[in-house]
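Student: Here it is, the structure in full.
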Amino acid sequence: MSASAFAPAKVNLYLHVGPPGADGYHPLDSLMVFADVGDEVSISTGPGPALRLTGPFATGLEAGNNLVLQAARQLAQKLGRAEPPPALLLDKRLPVAAGLGGGSADAAATLRLLSRAWASPMSGKDLETLAADLGSDVPACIRSRPVTATGRGVVLAPAPDLPGLPAVLVNPGVACPTGAVYRAFDAAGRFGDLSPPSRPAPNSGVSGVAGWLSGLRNDLEAPAIAVAPVIATVLERLRAAPETLLARLSGSGATGFALCRDAPAATRLAAVLAEEHPAWWVQACRLGAPLVPFV
């Protein structure tokens, strides 16, 4: 039995957002992929609090109200377990409020981890249904495979075939709360078209995928820049780099990503940006499908 679970970062390759409905939620259409970088949730081996936080981005997080604990308690209740969940450890390696689905990925990793530890009969689909109550991105994070998400983000379908995408993630070190971004989005009144996009040409490689994505959008980019203007600086720098095929904001920000032609180009760009902007979080990675259970 594994005592830990990887919580990969989520990246929205595109994100189209419509006007809010009567329930206050915005319909969306997005292509989500997952990186080979992320947080890790593990079962703590010694006595201690219900959740301990470590890692470079643990500071400022509240252990008592964390989605990890909410996920653990929800699964225990679903399985009818009277005893409390085991003590857990969250190694927080992703920036917070960054558009990378960190909290959602942590909750999904917790569900996968405890489902294995408790020999749960629940399938991956069962976990996705349970995960929907924890947040719109959590079901997709259960899969951690490329998916298209529609509706409130919990209607998932297999994504078009994609190659592994060498990329660089950049966060300028500022939080960009989702609620504030959506309020700015609503105030601007420029809602996106949710018509289903075409699919990329088969076997078109990274350049072909980048070209296809260039005709799509992240509708939250402008309102996110209004909330955190430094995002514009990040995206301008990424778009000016010779290694970049396409640069865009992920989710509601503040993390931007650049797709690069190959892994050496991504590594090179990450090194340059880290030297230029030591206060930024910069990470070369591969976007695709990290190996997690419950596909």
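To be explicit about the labels: the chains of the structure tokens are called A, B, and onward in the order shown, and within each one the residues are counted from 1, while ligands get numbers from 1 in the order they are shown.
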Tell me, as an NGL selection string, which residues lie within 12 Å of Pro19 in chain A, counting only C-alpha atoms; anything in the same chain fewer than 6 positions away does not count.
Tutor: :A and (25-28 or 151-152 or 182-183 or 185-194 or 219)
Student: I need the residues from that last selection saved to file as a compact mmCIF listing (two decimals), in the first residue's frame (with N, CA and C atoms), if you can.
Tutor:
```txt
# COMPACT_ATOMS: atom_id res chain seq x y z
N TYR A 25 -23.59 30.32 -10.98
CA TYR A 25 -22.41 29.67 -11.53
C TYR A 25 -22.26 30.00 -13.01
N HIS A 26 -21.01 30.06 -13.46
CA HIS A 26 -20.72 30.35 -14.86
C HIS A 26 -20.52 29.04 -15.62
N PRO A 27 -21.22 28.86 -16.74
CA PRO A 27 -20.90 27.71 -17.59
C PRO A 27 -19.54 27.94 -18.26
N LEU A 28 -18.82 26.86 -18.48
CA LEU A 28 -17.50 27.02 -19.08
C LEU A 28 -17.20 25.85 -20.00
N GLY A 151 -20.16 22.62 -18.53
CA GLY A 151 -21.09 22.88 -17.44
C GLY A 151 -20.40 23.74 -16.38
N ARG A 152 -20.51 23.32 -15.12
CA ARG A 152 -19.81 24.01 -14.04
C ARG A 152 -18.36 23.56 -13.92
N TYR A 182 -13.61 36.56 -10.92
CA TYR A 182 -14.95 36.42 -11.50
C TYR A 182 -15.78 37.69 -11.30
N ARG A 183 -15.59 38.38 -10.19
CA ARG A 183 -16.31 39.65 -10.00
C ARG A 183 -15.87 40.67 -11.05
N PHE A 185 -14.67 39.90 -13.98
CA PHE A 185 -15.18 39.36 -15.24
C PHE A 185 -16.64 39.76 -15.44
N ASP A 186 -17.46 39.60 -14.40
CA ASP A 186 -18.87 39.95 -14.49
C ASP A 186 -19.06 41.45 -14.69
N ALA A 187 -18.23 42.25 -13.99
CA ALA A 187 -18.36 43.70 -14.10
C ALA A 187 -18.04 44.17 -15.52
N ALA A 188 -17.10 43.50 -16.19
CA ALA A 188 -16.74 43.89 -17.56
C ALA A 188 -17.84 43.49 -18.54
N GLY A 189 -18.58 42.41 -18.25
CA GLY A 189 -19.69 42.00 -19.09
C GLY A 189 -19.30 41.43 -20.44
N ARG A 190 -18.05 41.04 -20.60
CA ARG A 190 -17.60 40.47 -21.90
C ARG A 190 -17.53 38.95 -21.77
N PHE A 191 -18.67 38.31 -21.89
CA PHE A 191 -18.74 36.86 -21.69
C PHE A 191 -18.33 36.13 -22.97
N GLY A 192 -17.73 34.96 -22.77
CA GLY A 192 -17.18 34.23 -23.90
C GLY A 192 -18.21 33.39 -24.64
N ASP A 193 -17.88 33.05 -25.88
CA ASP A 193 -18.67 32.14 -26.69
C ASP A 193 -18.32 30.71 -26.29
N LEU A 194 -19.32 29.89 -25.98
CA LEU A 194 -19.09 28.52 -25.55
C LEU A 194 -19.29 27.51 -26.67
N ASP A 219 -10.79 33.34 -21.14
CA ASP A 219 -11.65 34.51 -20.95
C ASP A 219 -11.40 35.21 -19.63
```
Student: So that I can check the surroundings of Leu213 in chain A, please list as a VMD selection string every protein, DNA and RNA residue that reaches within 8 Å of it, counting only C-alpha atoms and ignoring chain neighbours fewer than 4 positions away.
Tutor: chain A and resid 13 to 14 209 217 246
Student: Could you please take those selected residues and save C-alpha atoms as a compact mmCIF listing (two decimals), in the first residue's frame?
Tutor:
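Writing done, so here's part-v4.txt:
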```
# COMPACT_ATOMS: atom_id res chain seq x y z
CA LEU A 13 -4.88 25.14 -22.07
CA TYR A 14 -7.97 27.17 -22.90
CA VAL A 209 -1.18 22.01 -30.76
CA ARG A 217 -8.77 31.89 -25.33
CA LEU A 246 2.31 29.91 -27.07
```
Student: Looking only at alpha helix (DSSP H) from DSSP on the backbone, list the matching residues of range 53-271 of chain A as a VMD selection string.
Tutor: chain A and resid 67 to 79 102 to 117 124 to 131 138 to 143 178 to 188 205 to 213 221 to 227 230 to 240 263 to 271
Student: Could you give me, as a Markdown table, every range 198-223 of chain A residue with an atom at most 12 Å from range 256-259 of chain A, plus its closest atom pair and distance in Å to one decimal, counting only C-alpha atoms, rows ordered by chain then number?
Tutor:
```
| residue | atom | partner | partner_atom | distance |
| --- | --- | --- | --- | --- |
| A:Gly205 | CA | A:Leu259 | CA | 11.6 |
| A:Val206 | CA | A:Leu259 | CA | 7.8 |
| A:Ser207 | CA | A:Leu259 | CA | 8.8 |
| A:Gly208 | CA | A:Leu259 | CA | 11.2 |
| A:Val209 | CA | A:Leu259 | CA | 9.3 |
| A:Ala210 | CA | A:Leu259 | CA | 7.1 |
| A:Gly211 | CA | A:Leu259 | CA | 10.6 |
| A:Leu213 | CA | A:Leu259 | CA | 10.4 |
| A:Ser214 | CA | A:Leu259 | CA | 11.2 |
| A:Asn218 | CA | A:Gly256 | CA | 11.0 |
| A:Glu221 | CA | A:Gly256 | CA | 9.7 |
```
Student: Given the selection you just returned, output its residues as a file containing N, CA and C atoms, formatted as a PDB file, in the first residue's frame.
Tutor:
```pdb
ATOM      1  N   GLY A 205       1.963  17.335 -33.405  1.00  0.00           N
ATOM      2  CA  GLY A 205       3.098  17.703 -32.576  1.00  0.00           C
ATOM      3  C   GLY A 205       2.819  18.929 -31.719  1.00  0.00           C
ATOM      4  N   VAL A 206       3.818  19.320 -30.962  1.00  0.00           N
ATOM      5  CA  VAL A 206       3.662  20.458 -30.050  1.00  0.00           C
ATOM      6  C   VAL A 206       3.353  21.734 -30.827  1.00  0.00           C
ATOM      7  N   SER A 207       4.036  21.948 -31.953  1.00  0.00           N
ATOM      8  CA  SER A 207       3.797  23.167 -32.741  1.00  0.00           C
ATOM      9  C   SER A 207       2.368  23.212 -33.262  1.00  0.00           C
ATOM     10  N   GLY A 208       1.859  22.046 -33.694  1.00  0.00           N
ATOM     11  CA  GLY A 208       0.486  22.013 -34.176  1.00  0.00           C
ATOM     12  C   GLY A 208      -0.521  22.295 -33.084  1.00  0.00           C
ATOM     13  N   VAL A 209      -0.284  21.753 -31.886  1.00  0.00           N
ATOM     14  CA  VAL A 209      -1.176  22.011 -30.759  1.00  0.00           C
ATOM     15  C   VAL A 209      -1.143  23.496 -30.390  1.00  0.00           C
ATOM     16  N   ALA A 210       0.065  24.078 -30.365  1.00  0.00           N
ATOM     17  CA  ALA A 210       0.177  25.505 -30.048  1.00  0.00           C
ATOM     18  C   ALA A 210      -0.548  26.354 -31.079  1.00  0.00           C
ATOM     19  N   GLY A 211      -0.430  25.981 -32.355  1.00  0.00           N
ATOM     20  CA  GLY A 211      -1.138  26.725 -33.391  1.00  0.00           C
ATOM     21  C   GLY A 211      -2.640  26.625 -33.235  1.00  0.00           C
ATOM     22  N   LEU A 213      -4.273  26.050 -30.410  1.00  0.00           N
ATOM     23  CA  LEU A 213      -4.657  26.795 -29.209  1.00  0.00           C
ATOM     24  C   LEU A 213      -4.640  28.307 -29.434  1.00  0.00           C
ATOM     25  N   SER A 214      -3.843  28.767 -30.383  1.00  0.00           N
ATOM     26  CA  SER A 214      -3.749  30.217 -30.601  1.00  0.00           C
ATOM     27  C   SER A 214      -5.077  30.801 -31.054  1.00  0.00           C
ATOM     28  N   ASN A 218      -8.320  32.278 -23.007  1.00  0.00           N
ATOM     29  CA  ASN A 218      -8.691  32.203 -21.599  1.00  0.00           C
ATOM     30  C   ASN A 218      -9.485  33.472 -21.313  1.00  0.00           C
ATOM     31  N   GLU A 221      -8.373  35.975 -18.545  1.00  0.00           N
ATOM     32  CA  GLU A 221      -7.062  36.627 -18.558  1.00  0.00           C
ATOM     33  C   GLU A 221      -7.171  38.125 -18.269  1.00  0.00           C
TER      34      GLU A 221
END
```
Student: Using CA of Ala108 in chain A and CA of Ser144 in chain A as the two end points, give the distance in Å to one decimal.
Tutor: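 Computing the Euclidean distance for CA of Ala108 in chain A and CA of Ser144 in chain A yields 9.1 Å.
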Student: For Val154 in chain A, find every residue with an atom within 9 Å (counting only C-alpha atoms), except residues of its own chain fewer than 3 positions away, and show them as a PDB file with N, CA, C and O atoms, in the first residue's frame.
Tutor:
```pdb
ATOM      1  N   GLU A 128     -15.032  10.510  -8.336  1.00  0.00           N
ATOM      2  CA  GLU A 128     -15.333  11.756  -9.044  1.00  0.00           C
ATOM      3  C   GLU A 128     -16.663  12.340  -8.577  1.00  0.00           C
ATOM      4  O   GLU A 128     -16.787  13.560  -8.384  1.00  0.00           O
ATOM      5  N   THR A 129     -17.677  11.485  -8.408  1.00  0.00           N
ATOM      6  CA  THR A 129     -18.983  11.955  -7.945  1.00  0.00           C
ATOM      7  C   THR A 129     -18.872  12.563  -6.562  1.00  0.00           C
ATOM      8  O   THR A 129     -19.429  13.641  -6.284  1.00  0.00           O
ATOM      9  N   ALA A 132     -17.118  16.073  -6.565  1.00  0.00           N
ATOM     10  CA  ALA A 132     -17.827  17.249  -7.085  1.00  0.00           C
ATOM     11  C   ALA A 132     -18.334  18.149  -5.972  1.00  0.00           C
ATOM     12  O   ALA A 132     -18.478  19.368  -6.165  1.00  0.00           O
ATOM     13  N   GLY A 135     -15.515  20.862  -4.954  1.00  0.00           N
ATOM     14  CA  GLY A 135     -15.106  21.949  -5.833  1.00  0.00           C
ATOM     15  C   GLY A 135     -15.160  21.514  -7.280  1.00  0.00           C
ATOM     16  O   GLY A 135     -15.046  20.327  -7.598  1.00  0.00           O
ATOM     17  N   SER A 136     -15.309  22.486  -8.168  1.00  0.00           N
ATOM     18  CA  SER A 136     -15.528  22.180  -9.584  1.00  0.00           C
ATOM     19  C   SER A 136     -14.345  21.479 -10.232  1.00  0.00           C
ATOM     20  O   SER A 136     -14.520  20.686 -11.164  1.00  0.00           O
ATOM     21  N   ASP A 137     -13.111  21.759  -9.780  1.00  0.00           N
ATOM     22  CA  ASP A 137     -11.935  21.161 -10.412  1.00  0.00           C
ATOM     23  C   ASP A 137     -11.577  19.797  -9.829  1.00  0.00           C
ATOM     24  O   ASP A 137     -10.746  19.084 -10.407  1.00  0.00           O
ATOM     25  N   VAL A 138     -12.170  19.416  -8.694  1.00  0.00           N
ATOM     26  CA  VAL A 138     -11.716  18.210  -8.001  1.00  0.00           C
ATOM     27  C   VAL A 138     -11.983  16.941  -8.810  1.00  0.00           C
ATOM     28  O   VAL A 138     -11.125  16.052  -8.879  1.00  0.00           O
ATOM     29  N   PRO A 139     -13.151  16.785  -9.479  1.00  0.00           N
ATOM     30  CA  PRO A 139     -13.335  15.567 -10.283  1.00  0.00           C
ATOM     31  C   PRO A 139     -12.271  15.399 -11.369  1.00  0.00           C
ATOM     32  O   PRO A 139     -11.767  14.286 -11.583  1.00  0.00           O
ATOM     33  N   ALA A 140     -11.917  16.474 -12.060  1.00  0.00           N
ATOM     34  CA  ALA A 140     -10.868  16.376 -13.081  1.00  0.00           C
ATOM     35  C   ALA A 140      -9.541  15.986 -12.445  1.00  0.00           C
ATOM     36  O   ALA A 140      -8.749  15.234 -13.037  1.00  0.00           O
ATOM     37  N   ALA A 149     -13.741  19.935 -19.888  1.00  0.00           N
ATOM     38  CA  ALA A 149     -14.703  20.149 -18.807  1.00  0.00           C
ATOM     39  C   ALA A 149     -15.723  21.173 -19.259  1.00  0.00           C
ATOM     40  O   ALA A 149     -15.366  22.242 -19.764  1.00  0.00           O
ATOM     41  N   THR A 150     -17.003  20.849 -19.086  1.00  0.00           N
ATOM     42  CA  THR A 150     -18.075  21.758 -19.451  1.00  0.00           C
ATOM     43  C   THR A 150     -19.051  21.873 -18.286  1.00  0.00           C
ATOM     44  O   THR A 150     -18.844  21.300 -17.219  1.00  0.00           O
ATOM     45  N   GLY A 151     -20.155  22.620 -18.529  1.00  0.00           N
ATOM     46  CA  GLY A 151     -21.087  22.881 -17.440  1.00  0.00           C
ATOM     47  C   GLY A 151     -20.401  23.739 -16.381  1.00  0.00           C
ATOM     48  O   GLY A 151     -19.753  24.743 -16.701  1.00  0.00           O
TER      49      GLY A 151
END
```
Student: Nearest residue to Leu216 in chain A out of A:Ala5, A:Leu31, A:Leu53, A:Ala159, using only C-alpha atoms?
Tutor: A:Leu31
Student: Identify which of the residues A:Pro229, A:Gly173, A:Gly38, A:Gly164 lies closest to Gly101 in chain A, counting only C-alpha atoms when measuring atom-to-atom distances.
Tutor: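 Counting only C-alpha atoms, the residue closest to Gly101 in chain A is A:Gly38.
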